[in-house]
file work-v6.cif (mmCIF, C-alpha atoms)
data_entry
loop_
_atom_site.label_atom_id
_atom_site.label_comp_id
_atom_site.auth_asym_id
_atom_site.auth_seq_id
_atom_site.Cartn_x
_atom_site.Cartn_y
_atom_site.Cartn_z
CA MET A 840 -51.12 5.30 -42.69
CA LYS A 841 -52.60 7.05 -39.66
CA ARG A 842 -50.90 10.29 -40.71
CA ILE A 843 -52.34 10.06 -44.25
CA ILE A 844 -55.85 9.58 -42.88
CA GLN A 845 -55.43 12.55 -40.53
CA THR A 846 -54.17 14.75 -43.36
CA ALA A 847 -57.05 13.67 -45.58
CA LEU A 848 -59.57 14.44 -42.80
CA VAL A 849 -58.07 17.88 -42.19
CA ALA A 850 -58.21 18.62 -45.92
CA LEU A 851 -61.81 17.43 -46.10
CA VAL A 852 -62.83 19.58 -43.12
CA CYS A 853 -61.13 22.62 -44.69
CA LEU A 854 -62.86 22.01 -48.00
CA VAL A 855 -66.30 21.60 -46.40
CA THR A 856 -65.76 24.72 -44.26
CA PHE A 857 -64.79 26.73 -47.34
CA GLN A 858 -67.81 25.47 -49.29
CA VAL A 859 -70.21 26.24 -46.43
CA SER A 860 -68.83 29.75 -45.91
CA ALA A 861 -68.95 30.42 -49.64
CA PHE A 862 -72.57 29.29 -49.81
CA ALA A 863 -73.74 31.04 -46.65
CA ASP A 864 -74.69 34.71 -46.66
CA ASN A 865 -75.54 34.86 -50.34
CA ASP A 866 -77.44 38.13 -50.93
CA LYS A 867 -79.22 38.70 -54.22
CA PRO A 868 -81.20 41.80 -55.25
CA ILE A 869 -84.71 40.90 -56.38
CA SER A 870 -87.80 42.68 -57.64
CA MET A 871 -90.79 43.20 -55.38
CA SER A 872 -92.73 40.64 -57.39
CA GLN A 873 -90.21 37.98 -56.34
CA LEU A 874 -91.08 38.38 -52.65
CA PRO A 875 -93.45 35.80 -51.15
CA ALA A 876 -97.11 36.84 -51.55
CA THR A 877 -97.52 37.43 -47.79
CA ALA A 878 -94.58 39.87 -47.77
CA GLN A 879 -95.95 41.69 -50.81
CA GLN A 880 -99.31 42.10 -49.08
CA ILE A 881 -97.70 43.47 -45.91
CA ILE A 882 -95.68 46.02 -47.90
CA LYS A 883 -98.71 47.03 -49.99
CA LYS A 884 -101.06 47.36 -47.00
CA HIS A 885 -98.82 48.86 -44.31
CA PHE A 886 -96.01 50.62 -46.20
CA SER A 887 -97.80 51.80 -49.34
CA GLY A 888 -96.61 55.41 -49.01
CA LYS A 889 -92.94 54.47 -48.86
CA LYS A 890 -90.66 54.00 -51.83
CA VAL A 891 -88.62 50.79 -51.96
CA ALA A 892 -84.89 51.38 -52.40
CA LEU A 893 -83.87 47.71 -52.34
CA ALA A 894 -85.42 44.28 -52.05
CA LYS A 895 -83.09 41.34 -51.59
CA MET A 896 -83.16 37.65 -50.90
CA GLU A 897 -80.62 36.20 -48.48
CA THR A 898 -79.87 32.53 -48.72
CA GLY A 899 -77.93 30.65 -46.10
CA LEU A 900 -77.04 27.03 -45.80
CA PHE A 901 -80.42 26.01 -44.36
CA GLU A 902 -82.58 29.12 -44.61
CA LYS A 903 -83.85 31.85 -46.85
CA SER A 904 -85.00 35.34 -45.88
CA TYR A 905 -85.93 38.61 -47.52
CA ASP A 906 -85.15 42.25 -46.73
CA VAL A 907 -86.95 45.31 -48.02
CA VAL A 908 -85.24 48.66 -47.46
CA PHE A 909 -87.10 51.91 -48.04
CA ASN A 910 -85.62 55.23 -49.24
CA ASN A 911 -85.90 56.72 -45.73
CA GLY A 912 -83.70 53.94 -44.28
CA GLU A 913 -86.51 51.98 -42.67
CA LYS A 914 -86.63 48.25 -43.37
CA VAL A 915 -88.66 45.08 -42.99
CA GLU A 916 -87.21 41.58 -42.82
CA PHE A 917 -89.23 38.51 -43.74
CA ASP A 918 -88.78 34.77 -43.31
CA ARG A 919 -88.94 32.34 -46.21
CA LYS A 920 -92.77 32.27 -46.06
CA GLY A 921 -93.08 36.06 -46.12
CA ASN A 922 -93.92 36.59 -42.45
CA TRP A 923 -92.19 39.63 -40.97
CA THR A 924 -89.40 38.91 -38.50
CA GLU A 925 -88.17 42.45 -37.95
CA ILE A 926 -89.60 45.89 -38.64
CA ASP A 927 -87.32 48.88 -38.15
CA CYS A 928 -89.04 52.27 -38.50
CA LYS A 929 -86.37 54.69 -37.32
CA MET A 930 -88.11 57.75 -38.73
CA SER A 931 -91.67 56.94 -37.66
CA SER A 932 -93.25 54.06 -35.78
CA VAL A 933 -94.12 50.46 -36.54
CA PRO A 934 -97.60 50.25 -38.10
CA ALA A 935 -100.02 49.55 -35.22
CA ALA A 936 -101.78 46.75 -37.09
CA LEU A 937 -98.53 44.73 -37.15
CA ILE A 938 -97.94 44.92 -33.39
CA PRO A 939 -99.58 42.22 -31.24
CA ALA A 940 -102.43 43.74 -29.19
CA LYS A 941 -100.97 42.79 -25.79
CA ILE A 942 -97.67 44.48 -26.64
CA LYS A 943 -99.47 47.64 -27.82
CA GLN A 944 -101.54 47.68 -24.63
CA TYR A 945 -98.50 47.22 -22.37
CA VAL A 946 -96.50 49.98 -24.07
CA LYS A 947 -99.47 52.38 -24.08
CA SER A 948 -100.22 51.89 -20.38
CA THR A 949 -96.64 51.66 -19.09
CA TYR A 950 -94.91 54.21 -21.33
CA PRO A 951 -97.57 56.74 -22.43
CA GLY A 952 -96.34 58.80 -25.35
CA ALA A 953 -93.62 56.33 -26.36
CA LYS A 954 -93.78 54.88 -29.85
CA ILE A 955 -92.62 51.45 -30.95
CA ILE A 956 -89.93 52.16 -33.52
CA GLN A 957 -88.64 48.60 -33.94
CA ILE A 958 -90.05 45.14 -33.32
CA GLU A 959 -88.39 41.78 -33.80
CA VAL A 960 -89.78 38.28 -33.36
CA ASP A 961 -88.05 34.92 -33.15
CA ALA A 962 -89.05 31.45 -32.02
CA SER A 963 -89.26 32.35 -28.33
CA GLU A 964 -89.74 36.09 -27.89
CA TYR A 965 -90.59 39.57 -29.14
CA GLU A 966 -88.23 42.47 -28.66
CA VAL A 967 -89.43 46.05 -29.08
CA LYS A 968 -87.44 49.26 -29.10
CA LEU A 969 -89.27 52.37 -27.99
CA SER A 970 -88.81 56.02 -28.89
CA ASN A 971 -87.73 56.65 -25.27
CA ARG A 972 -84.69 54.38 -25.92
CA LEU A 973 -85.94 51.46 -23.84
CA GLU A 974 -85.89 47.91 -25.16
CA VAL A 975 -88.60 45.62 -23.82
CA THR A 976 -88.53 41.87 -24.36
CA PHE A 977 -91.66 39.72 -24.15
CA ASN A 978 -92.00 35.94 -24.16
CA LYS A 979 -94.48 34.25 -26.49
CA SER A 980 -97.19 34.68 -23.80
CA PHE A 981 -96.55 38.45 -23.96
CA GLN A 982 -95.12 38.64 -20.46
CA VAL A 983 -92.27 41.09 -19.97
CA ILE A 984 -89.05 39.19 -19.40
CA ASP A 985 -86.47 41.98 -19.76
CA ILE A 986 -86.15 45.77 -19.98
CA ASP A 987 -82.93 47.44 -21.13
CA ASP A 988 -82.09 51.09 -21.47
#
call {"tool": "encode", "arguments": {"input": "work-v6.cif", "output": "structure tokens"}}
result
Amino acid sequence: MKRIIQTALVALVCLVTFQVSAFADNDKPISMSQLPATAQQIIKKHFSGKKVALAKMETGLFEKSYDVVFNNGEKVEFDRKGNWTEIDCKMSSVPAALIPAKIKQYVKSTYPGAKIIQIEVDASEYEVKLSNRLEVTFNKSFQVIDIDD
């Protein structure tokens, strides 16, 4: 009896694992009009001169996010509400209006001439990549907590 229960539990765990992995990482191309309104406004206001190559919605088990990729390879990632979570501007720089003022000020005074080419935000920190190849991490109070080269 104990062996039957163990076998049934193993089978159940395998089935649940398969179902979760099949459901996670589900990417679906979408039109720009299917993005959240906040994301549409950001694209329209700060990336109006760039042509969109792909917009997609990514659904995971407990979350949803959106990616917009431009023809020049740059991209913006958004959370489920349409707030940006990552901006990657390899060929230019992140639009200044989207960078928190304290981060802009720090980069301008500490690394004159360097441009912010990528910025990422999560629940606890901001990470910026500069054109001089440095990566600077800030906490939510905009204090520098790490610098990598």
call {"tool": "residues_around", "arguments": {"input": "work-v6.cif", "residues": "Ile881 (chain A)", "least_positions_apart": "2", "cutoff": "12 Å", "atoms": "all atoms listed in the file", "output": "number ranges by chain"}}
result
A: 871, 874-879, 883-887, 907, 915-917, 921-923, 926, 934, 936-937
call {"tool": "closest_residue", "arguments": {"input": "work-v6.cif", "among": "A:Asp988, A:Glu959, A:Glu897, A:Asp866", "to": "Val933 (chain A)", "atoms": "all atoms listed in the file"}}
result
A:Glu959
call {"tool": "resolve_selection", "arguments": {"input": "work-v6.cif", "expression": "the PyMOL selection byres ((chain A and resi 964) around 9)", "output": "PyMOL selection string"}}
result
chain A and resi 959-963+965-966+976-981
call {"tool": "atom_distance", "arguments": {"input": "work-v6.cif", "atom1": "CA of Lys914 (chain A)", "atom2": "CA of Gln873 (chain A)"}}
result
16.9 Å
call {"tool": "closest_residue", "arguments": {"input": "work-v6.cif", "among": "A:Phe901, A:Phe909, A:Tyr945, A:Tyr950", "to": "Asn865 (chain A)", "atoms": "all atoms listed in the file"}}
result
A:Phe901
call {"tool": "resolve_selection", "arguments": {"input": "work-v6.cif", "expression": "the PyMOL selection byres ((chain A and resi 894) around 6)", "output": "number ranges by chain"}}
result
A: 868-869, 893, 895, 906-907
